[in-house]
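**Q** What follows is a single structure, and I will ask about it in a moment.
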Amino acid sequence: EMMMNINCNSHIALTKGFLPMLKKSKSGKIVNISSIAGIYGAPVRTLYSASKFAIAGFSKALRAEVKPYGIDVIMIYPGFIRTSIAENALVGKT
């Protein structure tokens, strides 16, 4: 649940907060950051990948919904970066 809240639901909540202002101004850009894991599932990172797929799907659907208001939705998909964060998550280290 925490992974979905951080990686997906937070984007949705922020969008809901700002979208009325963007619609009123008839312009704007919404930029969401996913991950390459949101395109290609990452082994042993199933929940992480699912949360990134979710924000990608949300953004694609939102793009079609807000286009008539002159609002662009942009997705960024950074690649994998070797750090110890993934290994630490697997063993429960913070």
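Chain labels run A, B, ... following the order of the structure tokens; each chain numbers its residues from 1, and ligands are numbered from 1 in the order shown.
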Please, which residues of stretch 26-58 of chain A, numbered as in this document, come out alpha helix (DSSP H) from DSSP, as number ranges by chain?
**A** A: 46-58
**Q** Would you mind listing what lies within 12 Å of A:Met2 as a PyMOL selection string, with only C-alpha atoms counted and same-chain residues fewer than 5 positions away left out?
**A** chain A and resi 7-10+47-48+51
**Q** Between atom CA of A:Ala54 and atom CA of A:Gly38, what is the distance, to one decimal in Å?
**A**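 Interatomic distance here is 7.7 Å.
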**Q** Which of these, A:Ser34, A:Met4, A:Leu19, A:Ala13, has the shortest distance to A:Glu65 once you count only C-alpha atoms?
**A**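 Ranking A:Ser34, A:Met4, A:Leu19, A:Ala13 by distance to A:Glu65, first place goes to A:Leu19.
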**Q** Measuring between only C-alpha atoms, which one of A:Thr83, A:Ala50, A:Pro20, A:Ile74 shows the shortest distance to A:Leu62?
**A**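 Smallest distance to A:Leu62 is found for A:Ile74.
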**Q** Need the shell around A:Val73: protein/DNA/RNA residues with any atom at most 10 Å away, counting only C-alpha atoms. Skip same-chain ones fewer than 5 positions apart. Format as number ranges by chain?
**A** A: 28-32, 59-67
**Q** Give me a file of those residues, with N, CA and C atoms, as a PDB file, in the first residue's frame.
**A**
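Result file part_14.pdb:
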```pdb
ATOM      1  N   GLY A  28      -1.438  24.370 -19.828  1.00  0.00           N
ATOM      2  CA  GLY A  28      -0.592  23.853 -18.768  1.00  0.00           C
ATOM      3  C   GLY A  28       0.043  22.539 -19.144  1.00  0.00           C
ATOM      4  N   LYS A  29       0.954  22.102 -18.295  1.00  0.00           N
ATOM      5  CA  LYS A  29       1.648  20.837 -18.479  1.00  0.00           C
ATOM      6  C   LYS A  29       1.650  20.093 -17.158  1.00  0.00           C
ATOM      7  N   ILE A  30       1.369  18.820 -17.219  1.00  0.00           N
ATOM      8  CA  ILE A  30       1.473  17.937 -16.065  1.00  0.00           C
ATOM      9  C   ILE A  30       2.597  16.974 -16.398  1.00  0.00           C
ATOM     10  N   VAL A  31       3.610  16.927 -15.559  1.00  0.00           N
ATOM     11  CA  VAL A  31       4.760  16.050 -15.787  1.00  0.00           C
ATOM     12  C   VAL A  31       4.791  14.999 -14.689  1.00  0.00           C
ATOM     13  N   ASN A  32       4.693  13.739 -15.088  1.00  0.00           N
ATOM     14  CA  ASN A  32       4.755  12.633 -14.146  1.00  0.00           C
ATOM     15  C   ASN A  32       6.011  11.812 -14.415  1.00  0.00           C
ATOM     16  N   SER A  59      -1.563   8.481 -16.516  1.00  0.00           N
ATOM     17  CA  SER A  59      -1.114   9.627 -17.316  1.00  0.00           C
ATOM     18  C   SER A  59      -1.597   9.538 -18.748  1.00  0.00           C
ATOM     19  N   LYS A  60      -1.584   8.334 -19.327  1.00  0.00           N
ATOM     20  CA  LYS A  60      -2.056   8.170 -20.707  1.00  0.00           C
ATOM     21  C   LYS A  60      -3.550   8.483 -20.810  1.00  0.00           C
ATOM     22  N   ALA A  61      -4.331   7.993 -19.864  1.00  0.00           N
ATOM     23  CA  ALA A  61      -5.768   8.273 -19.876  1.00  0.00           C
ATOM     24  C   ALA A  61      -6.027   9.756 -19.623  1.00  0.00           C
ATOM     25  N   LEU A  62      -5.296  10.340 -18.689  1.00  0.00           N
ATOM     26  CA  LEU A  62      -5.461  11.758 -18.380  1.00  0.00           C
ATOM     27  C   LEU A  62      -5.115  12.622 -19.578  1.00  0.00           C
ATOM     28  N   ARG A  63      -4.094  12.231 -20.329  1.00  0.00           N
ATOM     29  CA  ARG A  63      -3.687  13.001 -21.511  1.00  0.00           C
ATOM     30  C   ARG A  63      -4.866  13.179 -22.460  1.00  0.00           C
ATOM     31  N   ALA A  64      -5.591  12.103 -22.717  1.00  0.00           N
ATOM     32  CA  ALA A  64      -6.752  12.190 -23.621  1.00  0.00           C
ATOM     33  C   ALA A  64      -7.867  13.044 -23.016  1.00  0.00           C
ATOM     34  N   GLU A  65      -8.033  12.948 -21.713  1.00  0.00           N
ATOM     35  CA  GLU A  65      -9.106  13.674 -21.033  1.00  0.00           C
ATOM     36  C   GLU A  65      -8.886  15.188 -21.015  1.00  0.00           C
ATOM     37  N   VAL A  66      -7.638  15.622 -20.860  1.00  0.00           N
ATOM     38  CA  VAL A  66      -7.380  17.062 -20.700  1.00  0.00           C
ATOM     39  C   VAL A  66      -6.903  17.756 -21.972  1.00  0.00           C
ATOM     40  N   LYS A  67      -6.691  16.992 -23.022  1.00  0.00           N
ATOM     41  CA  LYS A  67      -6.246  17.602 -24.284  1.00  0.00           C
ATOM     42  C   LYS A  67      -7.184  18.709 -24.755  1.00  0.00           C
TER      43      LYS A  67
END
```
**Q** Find the distance between atom CA of A:Ala37 and atom CA of A:Gly70 and write it in Å to one decimal.
**A**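 Rounded to one decimal, the two atoms are 29.1 Å apart.
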**Q** From a backbone DSSP assignment, name each residue in stretch 20-74 of chain A labelled strand (DSSP E or B), as number ranges by chain.
**A** A: 28-33, 71-74
**Q** Rounded to one decimal, what separation in Å do you get between atom CA of A:Tyr69 and atom CA of A:Lys26?
**A**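 Interatomic distance here is 4.9 Å.
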**Q** Of the candidates A:Lys16, A:Lys23, A:Phe58, A:Tyr77, which shows the shortest atom-to-atom distance to A:Tyr40, using only C-alpha atoms?
**A**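 Nearest candidate to A:Tyr40 out of A:Lys16, A:Lys23, A:Phe58, A:Tyr77: A:Tyr77.
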**Q** Nearest to A:Gly57 among A:Gly79, A:Ser25, A:Asp72, A:Ile12, with distances taken over only C-alpha atoms: which residue is it?
**A**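 Looking at the shortest contact to A:Gly57, the residue is A:Ile12.
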**Q** Select, from A:Lys52, A:Leu14, A:Leu22, A:Val91, the residue with the minimum atom-to-atom distance to A:Met75, counting only C-alpha atoms.
**A**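 Checking each of A:Lys52, A:Leu14, A:Leu22, A:Val91 against A:Met75, counting only C-alpha atoms, the winner is A:Lys52.
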